[in-house]
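**Q** Sending over upload-v9.tsv (TSV, C-alpha atoms).
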```tsv
chain	number	residue	atom	x	y	z
A	1	MET	CA	-3.06	16.79	11.55
A	2	VAL	CA	-6.14	14.57	11.49
A	3	ALA	CA	-8.57	15.44	14.26
A	4	ARG	CA	-10.55	12.86	16.23
A	5	VAL	CA	-13.67	14.66	17.47
A	6	ARG	CA	-14.86	12.11	20.04
A	7	GLU	CA	-14.48	8.56	21.21
A	8	GLN	CA	-16.89	6.29	23.09
A	9	ARG	CA	-16.44	2.82	24.51
A	10	LEU	CA	-19.51	0.64	24.45
A	11	GLU	CA	-20.36	-2.85	25.58
A	12	VAL	CA	-22.74	-4.11	22.90
A	13	PHE	CA	-24.82	-7.24	23.31
A	14	VAL	CA	-24.42	-9.23	20.10
A	15	ASP	CA	-27.67	-11.01	19.43
A	16	ASP	CA	-28.17	-13.69	16.77
A	17	PHE	CA	-24.74	-12.83	15.29
A	18	THR	CA	-25.51	-9.15	14.70
A	19	PHE	CA	-25.95	-5.58	15.89
A	20	THR	CA	-26.42	-2.33	14.00
A	21	PHE	CA	-25.72	1.37	13.92
A	22	GLN	CA	-28.85	3.18	12.77
A	23	GLU	CA	-29.89	6.77	12.19
A	24	SER	CA	-31.58	8.03	15.35
A	25	TRP	CA	-34.57	9.38	13.40
A	26	ASP	CA	-35.43	5.84	12.37
A	27	ALA	CA	-39.08	6.51	11.44
A	28	GLU	CA	-37.80	7.96	8.15
A	29	LEU	CA	-35.85	4.84	7.12
A	30	PRO	CA	-37.15	2.62	4.29
A	31	VAL	CA	-35.90	-0.67	5.80
A	32	GLU	CA	-36.55	-1.26	9.51
A	33	TYR	CA	-34.01	-3.15	11.60
A	34	PRO	CA	-33.71	-6.17	11.73
A	35	ASP	CA	-35.28	-6.62	8.26
A	36	GLY	CA	-32.74	-7.58	5.64
A	37	ILE	CA	-30.02	-8.86	7.96
A	38	ASN	CA	-27.36	-10.74	6.00
A	39	VAL	CA	-25.11	-12.67	8.41
A	40	ALA	CA	-22.93	-13.77	5.48
A	41	ALA	CA	-21.62	-10.18	5.12
A	42	PHE	CA	-19.37	-8.60	7.77
A	43	VAL	CA	-20.86	-5.17	7.01
A	44	ASN	CA	-24.22	-4.78	5.31
A	45	THR	CA	-25.80	-1.40	4.60
A	46	PHE	CA	-29.21	0.12	4.02
A	47	PRO	CA	-30.12	3.83	3.95
A	48	GLY	CA	-29.32	5.18	7.43
A	49	ARG	CA	-28.19	1.81	8.75
A	50	VAL	CA	-24.99	-0.24	8.98
A	51	ASP	CA	-25.39	-3.86	10.14
A	52	VAL	CA	-22.34	-5.60	11.63
A	53	THR	CA	-22.04	-9.39	11.74
A	54	SER	CA	-20.23	-11.14	14.57
A	55	ALA	CA	-18.59	-14.57	14.68
A	56	GLY	CA	-20.41	-15.24	17.96
A	57	HIS	CA	-24.10	-16.00	18.42
A	58	PHE	CA	-24.86	-14.34	21.79
A	59	HIS	CA	-22.19	-12.39	23.69
A	60	SER	CA	-21.07	-8.94	24.76
A	61	ALA	CA	-18.54	-7.26	22.49
A	62	GLU	CA	-16.24	-4.37	23.26
A	63	VAL	CA	-16.91	-1.58	20.75
A	64	LYS	CA	-14.83	1.58	20.47
A	65	VAL	CA	-16.57	4.22	18.35
A	66	GLN	CA	-14.66	7.21	17.03
A	67	VAL	CA	-15.97	10.27	15.22
A	68	TRP	CA	-13.40	12.05	13.02
A	69	GLY	CA	-13.46	15.44	11.30
A	70	GLU	CA	-11.74	13.94	8.24
A	71	PRO	CA	-10.68	10.43	7.18
A	72	PRO	CA	-8.65	8.84	9.99
A	73	PRO	CA	-5.23	7.33	9.41
A	74	SER	CA	-5.30	3.72	8.23
A	75	GLU	CA	-5.15	1.07	10.92
A	76	ASP	CA	-2.56	-1.71	10.88
A	77	VAL	CA	-4.46	-4.43	9.01
A	78	THR	CA	-2.54	-7.17	10.81
A	79	ALA	CA	-4.13	-6.09	14.11
A	80	TRP	CA	-7.63	-6.91	12.81
A	81	ASP	CA	-9.29	-10.12	11.63
A	82	VAL	CA	-11.56	-8.27	9.22
A	83	GLN	CA	-12.42	-4.71	8.21
A	84	ASP	CA	-14.81	-3.02	5.82
A	85	GLU	CA	-16.07	0.46	4.96
A	86	ALA	CA	-19.51	1.73	3.93
A	87	GLU	CA	-21.57	4.85	3.35
A	88	PHE	CA	-23.88	6.18	6.06
A	89	GLU	CA	-26.45	8.96	5.76
A	90	SER	CA	-27.57	10.76	8.92
A	91	LEU	CA	-30.65	12.98	9.08
A	92	SER	CA	-30.18	13.96	12.72
A	93	GLY	CA	-26.46	13.77	13.44
A	94	ASP	CA	-27.10	11.02	15.99
A	95	VAL	CA	-26.68	7.26	15.64
A	96	ALA	CA	-28.41	4.64	17.79
A	97	VAL	CA	-27.14	1.12	18.51
A	98	TRP	CA	-29.65	-1.72	17.97
A	99	THR	CA	-29.79	-5.49	18.52
A	100	PRO	CA	-32.51	-7.87	17.25
A	101	THR	CA	-33.87	-8.82	20.68
A	102	LEU	CA	-33.19	-5.70	22.75
A	103	GLY	CA	-34.12	-3.26	19.98
A	104	ARG	CA	-32.80	0.26	20.36
A	105	THR	CA	-30.34	0.54	23.23
A	106	ASP	CA	-29.66	3.63	25.34
A	107	GLU	CA	-26.35	4.18	23.55
A	108	LEU	CA	-26.28	7.20	21.24
A	109	ILE	CA	-23.33	8.31	19.12
A	110	GLY	CA	-23.24	12.03	18.38
A	111	LEU	CA	-21.75	12.72	14.97
A	112	GLY	CA	-22.05	16.47	15.46
A	113	ARG	CA	-23.95	17.10	12.23
A	114	GLU	CA	-26.28	15.46	9.75
A	115	GLY	CA	-25.17	14.53	6.26
A	116	SER	CA	-23.12	11.97	4.38
A	117	TRP	CA	-20.60	9.93	6.33
A	118	ARG	CA	-18.30	6.99	5.83
A	119	VAL	CA	-18.07	4.30	8.49
A	120	ARG	CA	-15.06	2.01	8.77
A	121	VAL	CA	-15.53	-1.14	10.87
A	122	HIS	CA	-12.65	-3.30	12.20
A	123	CYS	CA	-12.96	-6.48	14.26
A	124	ALA	CA	-10.57	-8.74	16.20
A	125	GLY	CA	-11.21	-11.86	18.31
A	126	ARG	CA	-13.50	-13.56	15.82
A	127	ALA	CA	-11.95	-17.04	16.01
A	128	GLU	CA	-11.88	-16.91	19.81
A	129	VAL	CA	-15.54	-15.91	20.14
A	130	ALA	CA	-16.58	-18.50	17.54
A	131	ALA	CA	-14.79	-21.23	19.53
A	132	LEU	CA	-16.83	-20.27	22.62
A	133	ARG	CA	-20.13	-20.16	20.73
A	134	ASP	CA	-21.55	-23.36	22.26
A	135	SER	CA	-19.73	-23.26	25.60
A	136	GLY	CA	-22.70	-22.10	27.66
A	137	GLU	CA	-20.34	-19.72	29.50
A	138	PRO	CA	-20.87	-15.95	29.54
A	139	VAL	CA	-18.67	-14.43	26.82
A	140	VAL	CA	-17.69	-10.80	27.42
A	141	GLY	CA	-15.15	-8.64	25.59
A	142	ILE	CA	-13.55	-11.42	23.51
A	143	GLU	CA	-14.60	-9.88	20.20
A	144	ARG	CA	-13.48	-6.26	19.82
A	145	TYR	CA	-14.55	-3.63	17.32
A	146	LEU	CA	-13.22	-0.26	16.21
A	147	VAL	CA	-15.88	1.75	14.38
A	148	GLN	CA	-14.84	5.05	12.80
A	149	PHE	CA	-17.30	7.62	11.41
A	150	PHE	CA	-15.91	10.42	9.24
A	151	PRO	CA	-17.41	12.88	6.73
A	152	ALA	CA	-17.80	11.54	3.20
A	153	GLY	CA	-15.99	13.34	0.41
```
Now, as a test, write the supplied structure out as structure tokens.
**A**
Amino acid sequence: MVARVREQRLEVFVDDFTFTFQESWDAELPVEYPDGINVAAFVNTFPGRVDVTSAGHFHSAEVKVQVWGEPPPSEDVTAWDVQDEAEFESLSGDVAVWTPTLGRTDELIGLGREGSWRVRVHCAGRAEVAALRDSGEPVVGIERYLVQFFPAG
């Protein structure tokens, strides 16, 4: 049986179409956030960093983060607008959430150990949040993410 180690629900402020998951010991990273952001890619990676691109410019997204002891079961692809997977290297075993304007937030995701990880990112609600982009109304929880960290290999 596949074991989910922990799950966190976060409200992440999406800023300028993006947010990131970055190694907590960020002084060691060769590319500082937000350098290198590529809003054309849903998931873009650098050593110790995974950037996620939203369909909305400024809004609050619902993000469920799961840490697994082994690769999680595959999600139903029809439930998600887009998904991607990338490598992630952690020096500390902790991951911080960042946005371009707010910088490092108070949210911290405990992986439980340092080392090589995979991160799988799913998103739903992209068309809906894009349609509200210029509405001037507060947009909260329309775009939803499932982010799964699991050991590589």
**Q** Which residues are close to region 48-53 of chain A, i.e. within 6 Å by all atoms listed in the file, leaving aside same-chain residues fewer than 3 positions away? Reply as a VMD selection string.
**A** chain A and resid 17 to 23 39 42 to 45 88 to 89
**Q** Could you jot down the CA of Gly153 (chain A) to CA of Gln66 (chain A) separation for me, Å, one decimal place?
**A** 17.8 Å
**Q** Closest to Pro138 (chain A) among A:Glu7, A:Asp35, A:His57, A:His122, using all atoms listed in the file?
**A**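 Residue with the minimum atom-to-atom distance to Pro138 (chain A): A:His57.
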**Q** Could you list as a VMD selection string every residue that has an atom within 12 Å of (-33.6, -1.7, 18.7), using the file's coordinates and counting all atoms listed in the file?
**A** chain A and resid 12 to 15 18 to 24 26 32 to 35 49 95 to 108
**Q** Give, as lines of an AutoDock Vina configuration file, the centre coordinates and the x, y and z edge lengths in Å to one decimal for an axis-aligned box around all listed atoms of region 8-20 of chain A, padded by 3 Å on each side.
**A**
```
center_x = -22.3
center_y = -3.7
center_z = 19.8
size_x = 17.7
size_y = 26.0
size_z = 17.6
```
**Q** So which one's closest to Cys123 (chain A), A:Val2, A:Ala41, A:Val140, A:Leu146? Using only C-alpha atoms, please.
**A**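 For Cys123 (chain A), the nearest of the candidates is A:Leu146.
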**Q** For a cut-off of 12 Å around (-13.1, -14.0, 22.3), file coordinates, pick out all residues using all atoms listed in the file and list them as a VMD selection string.
**A** chain A and resid 54 to 62 81 123 to 133 135 137 to 145
**Q** Quick one: write out the picked residues with C-alpha atoms as a compact mmCIF listing (two decimals), in the coordinates of the input?
**A**
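Result written to out.txt:
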```
# COMPACT_ATOMS: atom_id res chain seq x y z
CA SER A 54 -20.23 -11.14 14.57
CA ALA A 55 -18.59 -14.57 14.68
CA GLY A 56 -20.41 -15.24 17.96
CA HIS A 57 -24.10 -16.00 18.42
CA PHE A 58 -24.86 -14.34 21.79
CA HIS A 59 -22.19 -12.39 23.69
CA SER A 60 -21.07 -8.94 24.76
CA ALA A 61 -18.54 -7.26 22.49
CA GLU A 62 -16.24 -4.37 23.26
CA ASP A 81 -9.29 -10.12 11.63
CA CYS A 123 -12.96 -6.48 14.26
CA ALA A 124 -10.57 -8.74 16.20
CA GLY A 125 -11.21 -11.86 18.31
CA ARG A 126 -13.50 -13.56 15.82
CA ALA A 127 -11.95 -17.04 16.01
CA GLU A 128 -11.88 -16.91 19.81
CA VAL A 129 -15.54 -15.91 20.14
CA ALA A 130 -16.58 -18.50 17.54
CA ALA A 131 -14.79 -21.23 19.53
CA LEU A 132 -16.83 -20.27 22.62
CA ARG A 133 -20.13 -20.16 20.73
CA SER A 135 -19.73 -23.26 25.60
CA GLU A 137 -20.34 -19.72 29.50
CA PRO A 138 -20.87 -15.95 29.54
CA VAL A 139 -18.67 -14.43 26.82
CA VAL A 140 -17.69 -10.80 27.42
CA GLY A 141 -15.15 -8.64 25.59
CA ILE A 142 -13.55 -11.42 23.51
CA GLU A 143 -14.60 -9.88 20.20
CA ARG A 144 -13.48 -6.26 19.82
CA TYR A 145 -14.55 -3.63 17.32
```
**Q** Can you tell me which residues surround region 114-121 of chain A at a distance of at most 6 Å, considering all atoms listed in the file, apart from same-chain residues fewer than 2 positions away, and format the answer as a ChimeraX atom specification?
**A** /A:83-93,146-152
**Q** Keeping only C-alpha atoms, take the residues you just selected and write them out as a PDB file, in the coordinates of the input.
**A**
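Written out: part00.pdb:
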```
ATOM      1  CA  GLN A  83     -12.420  -4.710   8.210  1.00  0.00           C
ATOM      2  CA  ASP A  84     -14.810  -3.020   5.820  1.00  0.00           C
ATOM      3  CA  GLU A  85     -16.070   0.460   4.960  1.00  0.00           C
ATOM      4  CA  ALA A  86     -19.510   1.730   3.930  1.00  0.00           C
ATOM      5  CA  GLU A  87     -21.570   4.850   3.350  1.00  0.00           C
ATOM      6  CA  PHE A  88     -23.880   6.180   6.060  1.00  0.00           C
ATOM      7  CA  GLU A  89     -26.450   8.960   5.760  1.00  0.00           C
ATOM      8  CA  SER A  90     -27.570  10.760   8.920  1.00  0.00           C
ATOM      9  CA  LEU A  91     -30.650  12.980   9.080  1.00  0.00           C
ATOM     10  CA  SER A  92     -30.180  13.960  12.720  1.00  0.00           C
ATOM     11  CA  GLY A  93     -26.460  13.770  13.440  1.00  0.00           C
ATOM     12  CA  LEU A 146     -13.220  -0.260  16.210  1.00  0.00           C
ATOM     13  CA  VAL A 147     -15.880   1.750  14.380  1.00  0.00           C
ATOM     14  CA  GLN A 148     -14.840   5.050  12.800  1.00  0.00           C
ATOM     15  CA  PHE A 149     -17.300   7.620  11.410  1.00  0.00           C
ATOM     16  CA  PHE A 150     -15.910  10.420   9.240  1.00  0.00           C
ATOM     17  CA  PRO A 151     -17.410  12.880   6.730  1.00  0.00           C
ATOM     18  CA  ALA A 152     -17.800  11.540   3.200  1.00  0.00           C
TER      19      ALA A 152
END
```
**Q** How many Å separate CA of Val65 (chain A) from CA of Glu11 (chain A)?
**A**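 One can read the CA of Val65 (chain A) to CA of Glu11 (chain A) distance as 10.8 Å.
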**Q** One number please: CA of Arg4 (chain A) to CA of Asp94 (chain A), in Å, one decimal.
**A**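 It comes out at 16.7 Å.
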